[in-house]
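Asker: Sharing coords-v4.csv (CSV, C-alpha atoms) below.
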```
chain,number,residue,atom,x,y,z
A,1,MET,CA,-249.3,19.1,24.8
A,2,GLN,CA,-246.6,18.6,27.4
A,3,PRO,CA,-245.5,15.0,27.3
A,4,ALA,CA,-247.2,12.4,29.3
A,5,ALA,CA,-245.7,12.0,32.7
A,6,ASP,CA,-246.3,8.3,33.1
A,7,GLN,CA,-243.6,7.4,30.6
A,8,LYS,CA,-240.9,8.7,32.9
A,9,PRO,CA,-240.3,7.8,36.6
A,10,SER,CA,-242.5,9.6,39.1
A,11,ASN,CA,-244.1,12.8,37.7
A,12,HIS,CA,-241.1,14.1,35.9
A,13,GLN,CA,-242.0,16.6,33.2
A,14,PRO,CA,-239.2,16.8,30.7
A,15,ASN,CA,-237.9,20.3,29.9
A,16,VAL,CA,-238.8,20.6,26.2
A,17,TRP,CA,-237.4,23.3,24.0
A,18,VAL,CA,-238.5,24.1,20.5
A,19,VAL,CA,-235.9,25.7,18.2
A,20,VAL,CA,-237.2,27.7,15.2
A,21,PRO,CA,-234.7,29.0,12.7
A,22,ALA,CA,-236.2,32.0,10.8
A,23,TYR,CA,-235.1,34.0,7.8
A,24,ASN,CA,-237.3,36.8,6.4
A,25,GLU,CA,-240.4,35.3,8.1
A,26,ALA,CA,-242.0,38.5,9.5
A,27,GLU,CA,-245.2,37.6,7.7
A,28,ARG,CA,-245.5,34.0,9.0
A,29,ILE,CA,-243.6,33.8,12.2
A,30,GLY,CA,-246.5,35.1,14.3
A,31,ARG,CA,-248.9,32.3,13.2
A,32,THR,CA,-246.2,29.6,13.7
A,33,ILE,CA,-245.4,30.8,17.2
A,34,GLN,CA,-249.1,31.1,18.1
A,35,GLY,CA,-249.6,27.4,17.3
A,36,LEU,CA,-246.5,26.4,19.3
A,37,SER,CA,-246.9,28.6,22.3
A,38,CYS,CA,-250.3,27.0,23.1
A,39,HIS,CA,-248.4,23.8,23.9
A,40,PHE,CA,-244.8,24.7,24.7
A,41,GLN,CA,-243.3,27.2,27.2
A,42,ASN,CA,-239.7,27.2,25.9
A,43,ILE,CA,-239.4,28.4,22.3
A,44,VAL,CA,-236.2,29.8,20.8
A,45,VAL,CA,-236.5,31.7,17.5
A,46,VAL,CA,-233.1,32.4,15.8
A,47,ASP,CA,-233.5,35.2,13.3
A,48,ASP,CA,-230.7,34.4,10.8
A,49,GLY,CA,-229.9,38.0,9.9
A,50,SER,CA,-233.2,38.7,8.2
A,51,SER,CA,-233.5,41.9,6.1
A,52,ASP,CA,-237.2,42.3,6.9
A,53,ARG,CA,-238.8,42.9,10.4
A,54,THR,CA,-238.7,39.3,11.6
A,55,PHE,CA,-236.7,40.2,14.7
A,56,GLN,CA,-238.9,43.2,15.6
A,57,ARG,CA,-241.9,40.9,15.3
A,58,LEU,CA,-240.3,38.5,17.8
A,59,GLU,CA,-240.3,41.1,20.5
A,60,SER,CA,-244.0,40.9,20.9
A,61,LEU,CA,-244.1,37.1,21.0
A,62,PRO,CA,-243.5,34.8,24.0
A,63,VAL,CA,-240.2,33.4,22.7
A,64,TRP,CA,-236.5,33.7,23.3
A,65,ALA,CA,-235.4,36.0,20.5
A,66,LEU,CA,-231.9,35.6,19.0
A,67,ARG,CA,-230.5,37.3,16.0
A,68,HIS,CA,-227.4,36.4,14.0
A,69,PRO,CA,-225.5,39.6,13.1
A,70,ILE,CA,-225.1,38.3,9.6
A,71,ASN,CA,-227.0,35.7,7.5
A,72,LEU,CA,-225.2,32.4,8.2
A,73,GLY,CA,-227.7,29.8,7.0
A,74,GLN,CA,-230.3,27.5,8.5
A,75,GLY,CA,-227.8,24.9,9.8
A,76,ALA,CA,-226.0,27.6,11.7
A,77,ALA,CA,-229.3,29.0,13.1
A,78,LEU,CA,-230.3,25.6,14.3
A,79,GLN,CA,-227.0,25.0,16.1
A,80,THR,CA,-227.3,28.5,17.8
A,81,GLY,CA,-230.8,27.7,19.0
A,82,ILE,CA,-229.7,24.2,20.2
A,83,ASP,CA,-226.7,25.7,22.1
A,84,LEU,CA,-229.0,28.1,23.9
A,85,ALA,CA,-231.5,25.3,24.7
A,86,ILE,CA,-228.7,23.1,26.1
A,87,GLN,CA,-227.3,26.0,28.1
A,88,GLN,CA,-230.8,26.5,29.6
A,89,GLY,CA,-231.1,22.9,30.7
A,90,ALA,CA,-233.2,21.4,27.9
A,91,GLU,CA,-233.9,17.7,28.1
A,92,ILE,CA,-235.6,17.4,24.7
A,93,ILE,CA,-235.0,19.7,21.8
A,94,ILE,CA,-237.4,19.9,18.8
A,95,THR,CA,-236.4,21.6,15.6
A,96,PHE,CA,-239.4,23.2,13.8
A,97,ASP,CA,-239.5,25.3,10.6
A,98,ALA,CA,-240.8,28.9,10.8
A,99,ASP,CA,-242.7,28.9,7.5
A,100,GLY,CA,-245.7,26.9,8.8
A,101,GLN,CA,-245.1,23.7,6.8
A,102,HIS,CA,-244.9,21.6,10.0
A,103,ASP,CA,-247.9,20.6,12.1
A,104,VAL,CA,-247.7,21.2,15.9
A,105,HIS,CA,-250.0,18.2,16.4
A,106,ASP,CA,-247.2,15.9,15.3
A,107,LEU,CA,-244.9,16.8,18.1
A,108,ASP,CA,-246.3,14.6,20.8
A,109,ARG,CA,-245.8,11.5,18.6
A,110,LEU,CA,-242.4,12.8,17.6
A,111,MET,CA,-241.2,13.0,21.2
A,112,GLU,CA,-242.6,9.6,22.2
A,113,PRO,CA,-239.7,7.4,21.1
A,114,ILE,CA,-237.3,9.6,23.2
A,115,LEU,CA,-239.6,9.6,26.2
A,116,ALA,CA,-240.0,5.9,26.0
A,117,GLY,CA,-236.2,5.5,25.9
A,118,ARG,CA,-236.3,3.7,22.5
A,119,ALA,CA,-234.4,6.4,20.6
A,120,ASP,CA,-231.9,9.3,21.1
A,121,ILE,CA,-233.3,11.2,18.1
A,122,ALA,CA,-236.7,11.1,16.4
A,123,LEU,CA,-236.8,12.1,12.7
A,124,GLY,CA,-240.0,13.3,11.0
A,125,SER,CA,-240.8,11.6,7.8
A,126,ARG,CA,-243.3,12.7,5.2
A,127,PHE,CA,-243.1,9.3,3.4
A,128,LEU,CA,-244.3,7.1,6.2
A,129,GLY,CA,-248.1,6.9,5.7
A,130,LYS,CA,-249.1,10.5,6.6
A,131,ALA,CA,-249.6,12.6,3.5
A,132,ALA,CA,-247.4,15.4,2.3
A,133,VAL,CA,-250.1,17.9,1.4
A,134,ASN,CA,-249.8,19.4,-2.1
A,135,MET,CA,-246.2,18.1,-2.7
A,136,PRO,CA,-245.2,18.6,-6.3
A,137,ALA,CA,-243.9,15.5,-8.2
A,138,SER,CA,-240.6,17.1,-8.9
A,139,ARG,CA,-240.0,17.7,-5.1
A,140,TRP,CA,-241.0,14.0,-4.4
A,141,ALA,CA,-238.3,12.8,-7.0
A,142,ILE,CA,-235.6,15.1,-5.5
A,143,LEU,CA,-236.3,14.0,-2.0
A,144,LYS,CA,-236.2,10.3,-3.0
A,145,MET,CA,-232.8,10.9,-4.7
A,146,GLY,CA,-231.7,12.5,-1.4
A,147,VAL,CA,-232.7,9.3,0.4
A,148,LEU,CA,-230.6,7.2,-2.0
A,149,PHE,CA,-227.6,9.7,-1.7
A,150,THR,CA,-227.7,9.4,2.1
A,151,ARG,CA,-228.0,5.7,2.0
A,152,VAL,CA,-224.8,5.5,-0.1
A,153,CYS,CA,-222.8,8.3,1.5
A,154,SER,CA,-223.8,8.0,5.2
A,155,GLN,CA,-224.8,4.3,5.3
A,156,ILE,CA,-228.0,5.2,7.1
A,157,LYS,CA,-231.4,3.9,6.1
A,158,VAL,CA,-234.1,6.6,6.4
A,159,THR,CA,-237.2,7.4,4.3
A,160,ASP,CA,-236.9,11.2,4.4
A,161,THR,CA,-233.6,13.0,4.5
A,162,HIS,CA,-234.4,16.7,4.5
A,163,ASN,CA,-237.3,17.0,6.9
A,164,GLY,CA,-236.7,19.8,9.4
A,165,LEU,CA,-238.9,18.3,12.0
A,166,ARG,CA,-236.8,16.4,14.6
A,167,ALA,CA,-236.7,15.7,18.3
A,168,LEU,CA,-233.3,15.2,20.0
A,169,SER,CA,-232.5,14.0,23.5
A,170,ARG,CA,-230.1,16.2,25.4
A,171,GLN,CA,-227.4,13.6,25.0
A,172,ALA,CA,-227.9,13.5,21.2
A,173,ALA,CA,-228.1,17.3,20.9
A,174,THR,CA,-224.8,17.5,22.8
A,175,GLN,CA,-223.1,15.0,20.6
A,176,ILE,CA,-224.2,16.2,17.2
A,177,ARG,CA,-222.4,19.4,16.1
A,178,ILE,CA,-223.7,21.1,12.9
A,179,THR,CA,-220.9,22.6,11.0
A,180,GLN,CA,-222.7,22.8,7.6
A,181,ASN,CA,-224.1,26.3,7.9
A,182,ARG,CA,-226.5,26.0,5.0
A,183,MET,CA,-228.9,23.4,3.7
A,184,ALA,CA,-226.4,20.5,3.8
A,185,HIS,CA,-226.9,20.4,7.6
A,186,ALA,CA,-229.7,17.9,7.2
A,187,SER,CA,-227.4,15.3,5.6
A,188,GLU,CA,-224.7,16.2,8.2
A,189,ILE,CA,-227.1,15.4,11.1
A,190,LEU,CA,-227.8,12.0,9.6
A,191,ASP,CA,-224.1,11.4,9.0
A,192,GLN,CA,-223.4,12.2,12.6
A,193,ILE,CA,-226.2,10.0,13.9
A,194,GLN,CA,-224.4,7.1,12.1
A,195,TYR,CA,-221.0,8.2,13.2
A,196,HIS,CA,-221.9,8.5,16.9
A,197,GLY,CA,-224.0,5.3,16.8
A,198,LEU,CA,-227.1,7.2,18.1
A,199,ARG,CA,-230.4,5.3,18.2
A,200,PHE,CA,-233.0,6.9,15.9
A,201,GLU,CA,-236.6,6.3,14.9
A,202,GLU,CA,-238.6,7.8,12.1
A,203,VAL,CA,-242.1,9.2,12.9
A,204,PRO,CA,-244.7,9.9,10.3
A,205,VAL,CA,-245.5,13.7,10.1
A,206,THR,CA,-247.5,15.9,7.8
A,207,ILE,CA,-245.9,18.6,5.7
A,208,HIS,CA,-248.2,21.3,4.4
A,209,TYR,CA,-247.0,22.6,1.0
A,210,ASN,CA,-248.3,25.8,-0.4
A,211,ASP,CA,-247.0,28.4,-2.9
A,212,ALA,CA,-245.3,30.4,-0.3
A,213,VAL,CA,-243.5,27.4,1.2
A,214,LEU,CA,-242.4,26.3,-2.2
A,215,GLU,CA,-241.3,29.7,-3.3
A,216,LYS,CA,-239.3,30.3,-0.1
A,217,GLY,CA,-237.8,26.8,0.1
A,218,GLN,CA,-234.9,25.3,-1.8
A,219,SER,CA,-235.3,25.0,-5.5
A,220,ASN,CA,-235.0,21.5,-7.0
A,221,SER,CA,-231.8,22.5,-8.8
A,222,ALA,CA,-230.2,23.4,-5.4
A,223,ALA,CA,-230.1,19.7,-4.5
A,224,VAL,CA,-226.8,19.3,-6.5
A,225,LYS,CA,-225.3,22.2,-4.6
A,226,VAL,CA,-226.4,20.7,-1.3
A,227,ALA,CA,-224.8,17.4,-2.2
A,228,ALA,CA,-221.6,19.0,-3.3
A,229,GLN,CA,-221.4,21.1,-0.1
A,230,PHE,CA,-221.9,18.0,2.0
A,231,LEU,CA,-219.3,15.9,0.2
A,232,LEU,CA,-216.7,18.7,0.2
A,233,GLY,CA,-217.4,19.4,3.8
A,234,ARG,CA,-216.6,15.7,4.6
A,235,MET,CA,-213.5,15.7,2.4
A,236,VAL,CA,-212.0,18.9,3.8
A,237,ARG,CA,-212.5,19.1,7.5
B,238,MET,CA,-182.6,32.6,-27.2
B,239,ILE,CA,-186.0,33.7,-28.6
B,240,LEU,CA,-187.9,36.9,-27.6
B,241,PHE,CA,-190.1,35.1,-25.1
B,242,GLN,CA,-187.2,33.7,-23.2
B,243,TRP,CA,-185.6,37.2,-22.9
B,244,GLY,CA,-188.9,38.7,-21.7
B,245,ALA,CA,-189.6,35.9,-19.2
B,246,LEU,CA,-186.0,36.0,-17.9
B,247,LEU,CA,-186.2,39.8,-17.4
B,248,VAL,CA,-189.4,39.5,-15.4
B,249,ILE,CA,-187.9,36.7,-13.3
B,250,ALA,CA,-184.7,38.6,-12.7
B,251,ALA,CA,-186.8,41.6,-11.5
B,252,ILE,CA,-188.8,39.4,-9.1
B,253,LEU,CA,-185.6,37.8,-7.8
B,254,LEU,CA,-184.1,41.2,-7.2
B,255,LEU,CA,-187.2,42.4,-5.3
B,256,GLU,CA,-187.1,39.3,-3.1
B,257,VAL,CA,-183.4,39.7,-2.3
B,258,VAL,CA,-183.8,43.5,-1.6
B,259,GLN,CA,-186.7,42.8,0.7
B,260,ALA,CA,-184.9,40.1,2.6
B,261,TRP,CA,-181.9,42.4,2.9
B,262,ARG,CA,-184.0,45.2,4.3
B,263,GLN,CA,-185.7,43.0,6.8
B,264,ARG,CA,-182.3,41.4,7.7
B,265,ARG,CA,-184.1,38.1,7.7
B,266,LEU,CA,-184.0,35.1,5.3
B,267,THR,CA,-187.0,32.8,6.1
B,268,TRP,CA,-187.5,29.4,4.6
B,269,VAL,CA,-190.6,30.8,2.7
B,270,THR,CA,-188.3,33.4,1.0
B,271,LEU,CA,-185.8,30.7,0.2
B,272,THR,CA,-188.5,28.5,-1.3
B,273,ARG,CA,-189.7,31.3,-3.5
B,274,LEU,CA,-186.2,32.1,-4.6
B,275,ALA,CA,-185.6,28.4,-5.5
B,276,ILE,CA,-188.9,28.2,-7.5
B,277,TRP,CA,-188.1,31.4,-9.5
B,278,SER,CA,-184.5,30.2,-10.1
B,279,ALA,CA,-185.8,26.8,-11.3
B,280,ALA,CA,-188.2,28.6,-13.7
B,281,ALA,CA,-185.3,30.7,-15.0
B,282,VAL,CA,-183.2,27.6,-15.6
B,283,GLY,CA,-186.1,25.8,-17.3
B,284,ILE,CA,-186.8,28.7,-19.6
B,285,SER,CA,-183.1,29.3,-20.5
B,286,PHE,CA,-182.4,25.6,-21.1
B,287,PRO,CA,-185.6,23.8,-22.3
B,288,GLU,CA,-183.6,20.7,-23.1
B,289,MET,CA,-182.9,20.3,-19.4
B,290,VAL,CA,-186.7,20.1,-18.7
B,291,THR,CA,-187.0,17.4,-21.5
B,292,ARG,CA,-184.1,15.4,-20.0
B,293,PHE,CA,-185.9,15.6,-16.6
B,294,ALA,CA,-189.1,14.5,-18.2
B,295,ASN,CA,-187.4,11.6,-19.9
B,296,SER,CA,-185.8,10.6,-16.6
B,297,ILE,CA,-189.2,10.2,-14.9
B,298,GLY,CA,-190.7,8.4,-17.9
B,299,VAL,CA,-192.6,11.3,-19.5
B,300,GLY,CA,-192.0,11.9,-23.2
B,301,ARG,CA,-191.9,15.7,-23.4
B,302,GLY,CA,-190.9,18.5,-21.0
B,303,ALA,CA,-194.1,20.3,-21.7
B,304,ASP,CA,-196.1,17.2,-20.6
B,305,ALA,CA,-194.1,17.0,-17.3
B,306,LEU,CA,-194.8,20.6,-16.6
B,307,ILE,CA,-198.6,20.1,-17.2
B,308,TYR,CA,-198.6,17.2,-14.8
B,309,LEU,CA,-196.8,19.1,-12.1
B,310,VAL,CA,-199.0,22.2,-12.5
B,311,THR,CA,-202.1,20.1,-12.3
B,312,LEU,CA,-200.9,18.4,-9.1
B,313,ALA,CA,-200.0,21.8,-7.6
B,314,PHE,CA,-203.4,23.2,-8.6
B,315,ILE,CA,-205.3,20.4,-6.9
B,316,ALA,CA,-203.2,20.6,-3.8
B,317,THR,CA,-203.6,24.4,-3.6
B,318,THR,CA,-207.4,24.2,-4.2
B,319,PHE,CA,-207.8,21.8,-1.3
B,320,TYR,CA,-205.5,23.9,0.9
B,321,PHE,CA,-207.4,27.1,0.3
B,322,TYR,CA,-210.9,25.4,0.6
B,323,SER,CA,-209.8,24.0,3.9
B,324,ARG,CA,-208.6,27.4,5.1
B,325,TYR,CA,-211.9,28.9,3.9
B,326,LEU,CA,-214.0,26.4,5.8
B,327,ARG,CA,-212.0,26.9,8.9
B,328,LEU,CA,-212.4,30.7,8.7
B,329,GLN,CA,-216.1,30.2,8.0
B,330,ARG,CA,-216.4,28.1,11.2
B,331,GLN,CA,-214.5,30.6,13.3
B,332,LEU,CA,-216.8,33.4,12.0
B,333,THR,CA,-219.9,31.3,12.8
B,334,ASP,CA,-218.6,30.5,16.3
B,335,LEU,CA,-218.0,34.2,16.9
B,336,ALA,CA,-221.4,35.2,15.5
B,337,ARG,CA,-223.0,32.5,17.6
B,338,TYR,CA,-221.3,33.6,20.8
B,339,LEU,CA,-222.5,37.2,20.3
B,340,THR,CA,-226.0,36.0,19.4
B,341,ILE,CA,-226.4,34.0,22.6
B,342,GLN,CA,-224.9,36.9,24.7
B,343,GLU,CA,-227.5,39.2,23.2
B,344,ALA,CA,-230.5,36.8,23.5
B,345,LYS,CA,-233.7,38.3,24.6
B,346,ARG,CA,-235.7,36.4,27.1
B,347,PRO,CA,-239.5,36.1,26.6
B,348,GLY,CA,-241.1,39.4,27.6
B,349,ALA,CA,-237.8,41.1,28.2
B,350,ALA,CA,-237.6,44.7,26.9
B,351,SER,CA,-233.8,44.6,26.5
B,352,SER,CA,-231.1,42.0,26.0
B,353,GLY,CA,-228.8,40.8,28.7
B,354,ASN,CA,-226.1,38.2,29.3
B,355,VAL,CA,-227.5,34.7,29.2
B,356,THR,CA,-226.3,32.3,31.9
B,357,PRO,CA,-226.9,28.6,32.1
B,358,GLU,CA,-229.7,27.5,34.3
B,359,SER,CA,-228.7,25.8,37.5
```
Kindly transcribe the structure held in the file into structure tokens.

Answerer:
Amino acid sequence: MQPAADQKPSNHQPNVWVVVPAYNEAERIGRTIQGLSCHFQNIVVVDDGSSDRTFQRLESLPVWALRHPINLGQGAALQTGIDLAIQQGAEIIITFDADGQHDVHDLDRLMEPILAGRADIALGSRFLGKAAVNMPASRWAILKMGVLFTRVCSQIKVTDTHNGLRALSRQAATQIRITQNRMAHASEILDQIQYHGLRFEEVPVTIHYNDAVLEKGQSNSAAVKVAAQFLLGRMVR
Amino acid sequence: MILFQWGALLVIAAILLLEVVQAWRQRRLTWVTLTRLAIWSAAAVGISFPEMVTRFANSIGVGRGADALIYLVTLAFIATTFYFYSRYLRLQRQLTDLARYLTIQEAKRPGAASSGNVTPES
């Protein structure tokens, strides 16, 4: 699934890196990486100080294995992976969740706006036609409130604010700096897209919900905490 | 003077004495120490002569001395909260940067048995 060469001058194959933040994912990381490694050579998994055997599991997988000495949060893990990818010469960086909720078959379409030069960053959206499989109604309502919150606070018009599936050009990845270590990083990325005047495009993607994903993911009540963290982080820099 | 005033003044006198002794031992009087001495002295005056606090309150348009104190304490609380939250965030970011630096230094390449320093690709 390497990007089509005819969208760039000559036969240039962009150097694509996939960044996967992982916390206590020893059970599922193997399957996620198996799907990705069929299509991508450069995969960075950042173990965010897991208490299970996630990092040991990575040693047998064809990935760059990084481990935070302490648990810092998903935002911090993403930035660590992005820093390594930039250091290694990445031209396109994809962020992909470790729990198997994302679909590797969406990645070609996700990169297309960047390869075509239409956007600096492509954001996955579960509300643009493609179905979010088994999404509970309460999660739908919370995500829609997140969209409204982002529109008011960051003045950016998107349909899905907390989707972990994104593709960033090297330039965008260099400009955006995630300082929100925990879940408020998604709002912060959107805020910085607006602040830096980056061109973005939303791409329909499929999110696969199951009991394990919902149990591991953020609870609906955490939305208030995420909003407060984001606002305080903006007020106190 | 009532019992509370005596008790509070005794405590403040002890604190002032400690501050002075400490400054004397260090042979150094910083502006931080001077500010602390001024705040404790103002508190002692306010407790000894409550009518002075009321006069101060009246002069700034607040009815009672107690109300003026509540307003001042509220403002100080908000300012202190912001200050410490900002310090906390800065410390958290420094800790994150440090952890990130170590993490990238210890990155394991695909198929590598042991970690090594990671250098940028040319």

Asker: Only residues of chain B matter here; which ones have an atom within 7 Å of chain A, counting all atoms listed in the file? Give them as a PyMOL selection string.

Answerer: chain B and resi 323+336-337+340-341+344-348+357-358

Asker: Do a neighbour search on region 185-197 of chain A at 10 Å with all atoms listed in the file, toss out local chain neighbours closer than 6 positions, and write the hits as a ChimeraX atom specification.

Answerer: /A:73-76,78-79,120-121,123,146-147,149-151,153-158,161-164,172,175-179,226-227,229-231,233-234

Asker: I need the residues from that last selection saved to file as a PDB file, keeping the file's coordinate frame (with C-alpha atoms), if you can.

Answerer:
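Saved as out-v3.pdb:
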```pdb
ATOM      1  CA  GLY A  73    -227.700  29.800   7.000  1.00  0.00           C
ATOM      2  CA  GLN A  74    -230.300  27.500   8.500  1.00  0.00           C
ATOM      3  CA  GLY A  75    -227.800  24.900   9.800  1.00  0.00           C
ATOM      4  CA  ALA A  76    -226.000  27.600  11.700  1.00  0.00           C
ATOM      5  CA  LEU A  78    -230.300  25.600  14.300  1.00  0.00           C
ATOM      6  CA  GLN A  79    -227.000  25.000  16.100  1.00  0.00           C
ATOM      7  CA  ASP A 120    -231.900   9.300  21.100  1.00  0.00           C
ATOM      8  CA  ILE A 121    -233.300  11.200  18.100  1.00  0.00           C
ATOM      9  CA  LEU A 123    -236.800  12.100  12.700  1.00  0.00           C
ATOM     10  CA  GLY A 146    -231.700  12.500  -1.400  1.00  0.00           C
ATOM     11  CA  VAL A 147    -232.700   9.300   0.400  1.00  0.00           C
ATOM     12  CA  PHE A 149    -227.600   9.700  -1.700  1.00  0.00           C
ATOM     13  CA  THR A 150    -227.700   9.400   2.100  1.00  0.00           C
ATOM     14  CA  ARG A 151    -228.000   5.700   2.000  1.00  0.00           C
ATOM     15  CA  CYS A 153    -222.800   8.300   1.500  1.00  0.00           C
ATOM     16  CA  SER A 154    -223.800   8.000   5.200  1.00  0.00           C
ATOM     17  CA  GLN A 155    -224.800   4.300   5.300  1.00  0.00           C
ATOM     18  CA  ILE A 156    -228.000   5.200   7.100  1.00  0.00           C
ATOM     19  CA  LYS A 157    -231.400   3.900   6.100  1.00  0.00           C
ATOM     20  CA  VAL A 158    -234.100   6.600   6.400  1.00  0.00           C
ATOM     21  CA  THR A 161    -233.600  13.000   4.500  1.00  0.00           C
ATOM     22  CA  HIS A 162    -234.400  16.700   4.500  1.00  0.00           C
ATOM     23  CA  ASN A 163    -237.300  17.000   6.900  1.00  0.00           C
ATOM     24  CA  GLY A 164    -236.700  19.800   9.400  1.00  0.00           C
ATOM     25  CA  ALA A 172    -227.900  13.500  21.200  1.00  0.00           C
ATOM     26  CA  GLN A 175    -223.100  15.000  20.600  1.00  0.00           C
ATOM     27  CA  ILE A 176    -224.200  16.200  17.200  1.00  0.00           C
ATOM     28  CA  ARG A 177    -222.400  19.400  16.100  1.00  0.00           C
ATOM     29  CA  ILE A 178    -223.700  21.100  12.900  1.00  0.00           C
ATOM     30  CA  THR A 179    -220.900  22.600  11.000  1.00  0.00           C
ATOM     31  CA  VAL A 226    -226.400  20.700  -1.300  1.00  0.00           C
ATOM     32  CA  ALA A 227    -224.800  17.400  -2.200  1.00  0.00           C
ATOM     33  CA  GLN A 229    -221.400  21.100  -0.100  1.00  0.00           C
ATOM     34  CA  PHE A 230    -221.900  18.000   2.000  1.00  0.00           C
ATOM     35  CA  LEU A 231    -219.300  15.900   0.200  1.00  0.00           C
ATOM     36  CA  GLY A 233    -217.400  19.400   3.800  1.00  0.00           C
ATOM     37  CA  ARG A 234    -216.600  15.700   4.600  1.00  0.00           C
TER      38      ARG A 234
END
```

Asker: Rounded to one decimal, what separation in Å do you get between CA of Leu148 (chain A) and CA of Gly117 (chain A)?

Answerer: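 About the pair CA of Leu148 (chain A) and CA of Gly117 (chain A): they are 28.5 Å apart.
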
Asker: Under the rule that all atoms listed in the file are counted, which of B:Ile284, B:Ala279, B:Val258, B:Thr272 is the nearest residue to Ala245 (chain B)?

Answerer: B:Ile284

Asker: Could you state the separation of CA of Val20 (chain A) and CA of Gln34 (chain A) in Å, given to one decimal place?

Answerer: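 These two atoms are separated by 12.7 Å.
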
Asker: Have a look at CA of Asn15 (chain A) and CA of Ile92 (chain A) and let me know their distance in Å, one decimal.

Answerer: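 One can read the CA of Asn15 (chain A) to CA of Ile92 (chain A) distance as 6.4 Å.
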
Asker: List the spatial neighbours of Gly300 (chain B) as a PyMOL selection string - criterion: any atom at most 8 Å away, all atoms listed in the file, same-chain residues fewer than 5 positions off excluded.

Answerer: chain B and resi 291+294-295

Asker: Skip Thr270 (chain B) itself and residues of its chain fewer than 6 positions away, then list as a PyMOL selection string all residues within 12 Å of it, counting only C-alpha atoms.

Answerer: chain B and resi 252-253+255-261+263+276-277

Asker: How would the residues just chosen look if you wrote them out with C-alpha atoms as a short mmCIF file (atom, residue, chain, number, x, y, z; two decimals), in the frame of the given file?

Answerer:
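What follows is the written file selection22.cif:
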```cif
data_model
loop_
_atom_site.label_atom_id
_atom_site.label_comp_id
_atom_site.auth_asym_id
_atom_site.auth_seq_id
_atom_site.Cartn_x
_atom_site.Cartn_y
_atom_site.Cartn_z
CA ILE B 252 -188.80 39.40 -9.10
CA LEU B 253 -185.60 37.80 -7.80
CA LEU B 255 -187.20 42.40 -5.30
CA GLU B 256 -187.10 39.30 -3.10
CA VAL B 257 -183.40 39.70 -2.30
CA VAL B 258 -183.80 43.50 -1.60
CA GLN B 259 -186.70 42.80 0.70
CA ALA B 260 -184.90 40.10 2.60
CA TRP B 261 -181.90 42.40 2.90
CA GLN B 263 -185.70 43.00 6.80
CA ILE B 276 -188.90 28.20 -7.50
CA TRP B 277 -188.10 31.40 -9.50
#
```

Asker: Could you check which residues have any atom within 12 Å of (-186.2, 36.1, -16.5), counting all atoms listed in the file with coordinates taken straight from the file, and then list them as JSON, numbers by chain?

Answerer: {"B": [238, 240, 241, 242, 243, 244, 245, 246, 247, 248, 249, 250, 251, 252, 253, 254, 277, 278, 279, 280, 281, 282, 283, 284, 285]}

Asker: Rank nothing, just name the residue among A:Ser169, A:Ser50, A:Gln101, A:Thr95 nearest to Arg118 (chain A), using all atoms listed in the file.

Answerer: A:Ser169

Asker: With N, CA, C and O atoms as the target, complete region 151-158 of chain A and hand it back as an mmCIF file, in the frame of the given file.

Answerer:
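What landed in rebuild32.cif:
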```cif
data_model
loop_
_atom_site.group_PDB
_atom_site.id
_atom_site.type_symbol
_atom_site.label_atom_id
_atom_site.label_comp_id
_atom_site.auth_asym_id
_atom_site.auth_seq_id
_atom_site.Cartn_x
_atom_site.Cartn_y
_atom_site.Cartn_z
ATOM 1 N N ARG A 151 -228.187 7.082 1.759
ATOM 2 C CA ARG A 151 -228.000 5.700 2.000
ATOM 3 C C ARG A 151 -226.554 5.253 1.538
ATOM 4 O O ARG A 151 -225.870 4.478 2.179
ATOM 5 N N VAL A 152 -226.133 5.823 0.399
ATOM 6 C CA VAL A 152 -224.800 5.500 -0.100
ATOM 7 C C VAL A 152 -223.698 6.180 0.655
ATOM 8 O O VAL A 152 -222.724 5.551 1.055
ATOM 9 N N CYS A 153 -223.868 7.471 0.917
ATOM 10 C CA CYS A 153 -222.800 8.300 1.500
ATOM 11 C C CYS A 153 -222.680 8.060 3.040
ATOM 12 O O CYS A 153 -221.593 7.974 3.588
ATOM 13 N N SER A 154 -223.799 8.029 3.727
ATOM 14 C CA SER A 154 -223.800 8.000 5.200
ATOM 15 C C SER A 154 -224.115 6.591 5.733
ATOM 16 O O SER A 154 -224.063 6.387 6.948
ATOM 17 N N GLN A 155 -224.507 5.688 4.835
ATOM 18 C CA GLN A 155 -224.800 4.300 5.300
ATOM 19 C C GLN A 155 -225.960 4.316 6.302
ATOM 20 O O GLN A 155 -225.901 3.557 7.273
ATOM 21 N N ILE A 156 -226.930 5.178 6.123
ATOM 22 C CA ILE A 156 -228.000 5.200 7.100
ATOM 23 C C ILE A 156 -229.352 5.086 6.317
ATOM 24 O O ILE A 156 -229.533 5.700 5.271
ATOM 25 N N LYS A 157 -230.229 4.248 6.874
ATOM 26 C CA LYS A 157 -231.400 3.900 6.100
ATOM 27 C C LYS A 157 -232.620 4.723 6.712
ATOM 28 O O LYS A 157 -233.124 4.408 7.789
ATOM 29 N N VAL A 158 -232.972 5.777 5.981
ATOM 30 C CA VAL A 158 -234.100 6.600 6.400
ATOM 31 C C VAL A 158 -235.013 6.795 5.150
ATOM 32 O O VAL A 158 -234.583 6.592 4.018
#
```
